[in-house]
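Below is one structure, written out as structure tokens; comments come after it.
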Amino acid sequence: MQKSITKELWQCEDKKLIELLICRKGGRTTIEIVDEILTQPLNKNQIAKNIKKDYHTVRYHLTIMCKHKYIVKEPIGKTSYYWPSKKLINNIDTYNKIKESFDEEK
């Protein structure tokens with residue numbers, strides 16, 4: 001089910017973040033993943049375990065968010081960890097408004 005986009009959200013500067021989180025079917029899963037990364041840097045396996053999702057699902061969402069530079073992938077040792085990017089931090093108000101719109105839908 002696709003969410004409706006409020007006028008307040010459309011007034012936000014970062015339309016791409018809105019598109020990635022609201023206009024895609026898996027936006028709620030992406031939000032769960034981003035929330036995990038906002039608490040601390042994690043690898044794919046840790047994220048998948050924490051949110052109880054398949055590893056491949058997590059990898060798919062991380063790839064999208066990295067491609068659009070909202071999340072940064074950094075190799076440390078034999079694994080890679082994911083961090084919120086400056087772009088995401090700069091748009092955290094928009095992110096939180098989007099997240100609130102999902103919370104209201106529950």
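If you're wondering about the labels, chains in the structure tokens are A, B, ... by order shown, residues count from 1 in each chain, ligands from 1 in order shown.
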
Worksheet entry | Backbone DSSP call of alpha helix (DSSP H) for chain A, listed as number ranges by chain | A: 7-10, 15-22, 27-39, 44-51, 55-67, 86-90, 92-105

Item to complete: Find the residues near Lys69 in chain A: any atom within 12 Å, counting only C-alpha atoms, skip ones fewer than 6 places away on the same chain, and give them as a list in words.
Response: Lys16, Leu17, Leu20, Leu62, Thr63, Tyr82, Trp83, Pro84, Ser85, Lys86, Lys87, Leu88, Ile89, Asn90 and Asn91 of chain A

Worksheet item: Using only C-alpha atoms, which residues sit within 12 Å of Ile92 in chain A once same-chain residues fewer than 6 positions away are excluded, as a ChimeraX atom specification?
Response: /A:12-14,17-18,34-35,38,70,84-86,98-99

Item to complete: Apply DSSP to the structure's backbone, then extract all residues of chain A labelled strand (DSSP E) and return them as JSON, numbers by chain.
Response: {"A": [71, 72, 73, 74, 75, 76, 79, 80, 81, 82, 83, 84]}

What would the file look like if the residues just selected were written as a short mmCIF file (atom, residue, chain, number, x, y, z; two decimals), in the first residue's frame with all heavy atoms?
data_model
loop_
_atom_site.label_atom_id
_atom_site.label_comp_id
_atom_site.auth_asym_id
_atom_site.auth_seq_id
_atom_site.Cartn_x
_atom_site.Cartn_y
_atom_site.Cartn_z
N ILE A 71 23.47 6.77 3.35
CA ILE A 71 24.22 5.87 4.23
C ILE A 71 25.59 5.67 3.60
O ILE A 71 25.73 5.61 2.38
CB ILE A 71 23.48 4.52 4.40
CG1 ILE A 71 22.20 4.75 5.19
CG2 ILE A 71 24.37 3.49 5.07
CD1 ILE A 71 21.37 3.53 5.40
N VAL A 72 26.59 5.55 4.46
CA VAL A 72 27.97 5.37 4.01
C VAL A 72 28.43 3.98 4.43
O VAL A 72 28.22 3.57 5.58
CB VAL A 72 28.89 6.45 4.65
CG1 VAL A 72 30.33 6.22 4.25
CG2 VAL A 72 28.43 7.83 4.27
N LYS A 73 29.06 3.28 3.51
CA LYS A 73 29.61 1.95 3.77
C LYS A 73 31.12 2.11 3.99
O LYS A 73 31.80 2.72 3.16
CB LYS A 73 29.35 1.05 2.56
CG LYS A 73 29.95 -0.32 2.65
CD LYS A 73 29.63 -1.08 1.38
CE LYS A 73 30.28 -2.44 1.35
NZ LYS A 73 29.98 -3.15 0.10
N GLU A 74 31.61 1.56 5.10
CA GLU A 74 33.04 1.67 5.40
C GLU A 74 33.60 0.31 5.78
O GLU A 74 33.17 -0.29 6.77
CB GLU A 74 33.27 2.66 6.54
CG GLU A 74 34.73 2.91 6.80
CD GLU A 74 34.94 3.95 7.88
OE1 GLU A 74 34.10 4.85 8.02
OE2 GLU A 74 35.94 3.85 8.58
N PRO A 75 34.56 -0.19 4.98
CA PRO A 75 35.19 -1.47 5.32
C PRO A 75 36.06 -1.32 6.58
O PRO A 75 36.85 -0.39 6.67
CB PRO A 75 36.05 -1.81 4.12
CG PRO A 75 35.83 -0.75 3.11
CD PRO A 75 35.06 0.36 3.73
N ILE A 76 35.86 -2.23 7.52
CA ILE A 76 36.69 -2.28 8.72
C ILE A 76 37.02 -3.75 8.94
O ILE A 76 36.15 -4.57 9.21
CB ILE A 76 35.96 -1.71 9.96
CG1 ILE A 76 35.61 -0.24 9.73
CG2 ILE A 76 36.82 -1.88 11.21
CD1 ILE A 76 34.79 0.39 10.83
N THR A 79 34.89 -7.02 7.32
CA THR A 79 33.48 -6.71 7.08
C THR A 79 33.30 -5.22 6.81
O THR A 79 34.23 -4.45 6.95
CB THR A 79 32.61 -7.16 8.29
OG1 THR A 79 31.24 -7.07 7.93
CG2 THR A 79 32.90 -6.34 9.53
N SER A 80 32.12 -4.86 6.41
CA SER A 80 31.81 -3.45 6.17
C SER A 80 30.73 -3.00 7.16
O SER A 80 29.79 -3.74 7.43
CB SER A 80 31.29 -3.24 4.75
OG SER A 80 32.31 -3.47 3.83
N TYR A 81 30.89 -1.80 7.64
CA TYR A 81 29.93 -1.21 8.55
C TYR A 81 29.24 -0.05 7.86
O TYR A 81 29.80 0.58 6.97
CB TYR A 81 30.61 -0.74 9.84
CG TYR A 81 30.98 -1.90 10.73
CD1 TYR A 81 32.14 -2.62 10.51
CD2 TYR A 81 30.14 -2.30 11.76
CE1 TYR A 81 32.47 -3.71 11.30
CE2 TYR A 81 30.46 -3.37 12.56
CZ TYR A 81 31.63 -4.08 12.33
OH TYR A 81 31.94 -5.16 13.12
N TYR A 82 28.03 0.23 8.29
CA TYR A 82 27.21 1.26 7.67
C TYR A 82 26.95 2.37 8.69
O TYR A 82 26.65 2.11 9.85
CB TYR A 82 25.89 0.66 7.17
CG TYR A 82 26.15 -0.31 6.05
CD1 TYR A 82 26.49 -1.63 6.32
CD2 TYR A 82 26.13 0.11 4.73
CE1 TYR A 82 26.78 -2.52 5.29
CE2 TYR A 82 26.41 -0.77 3.70
CZ TYR A 82 26.74 -2.08 3.99
OH TYR A 82 27.04 -2.94 2.97
N TRP A 83 27.09 3.61 8.21
CA TRP A 83 26.99 4.82 9.03
C TRP A 83 26.00 5.77 8.37
O TRP A 83 25.88 5.80 7.15
CB TRP A 83 28.33 5.55 9.07
CG TRP A 83 29.51 4.74 9.45
CD1 TRP A 83 30.13 3.78 8.70
CD2 TRP A 83 30.24 4.80 10.67
NE1 TRP A 83 31.19 3.26 9.38
CE2 TRP A 83 31.29 3.87 10.60
CE3 TRP A 83 30.11 5.58 11.83
CZ2 TRP A 83 32.19 3.68 11.63
CZ3 TRP A 83 31.01 5.38 12.85
CH2 TRP A 83 32.04 4.45 12.75
N PRO A 84 25.35 6.60 9.16
CA PRO A 84 24.53 7.66 8.55
C PRO A 84 25.47 8.67 7.89
O PRO A 84 26.51 9.01 8.45
CB PRO A 84 23.78 8.28 9.72
CG PRO A 84 24.48 7.84 10.95
CD PRO A 84 25.27 6.62 10.62
#

Worksheet entry | All residues 10 Å or closer to Phe102 in chain A, only C-alpha atoms, same chain fewer than 6 positions away omitted, as a PyMOL selection string | chain A and resi 3+21-22+27-28+31+96

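With only C-alpha atoms as the atoms that count, the residue of A:Pro41, A:Glu36, A:Asp103, A:Ala48 with the shortest distance to Tyr60 in chain A is A:Ala48.
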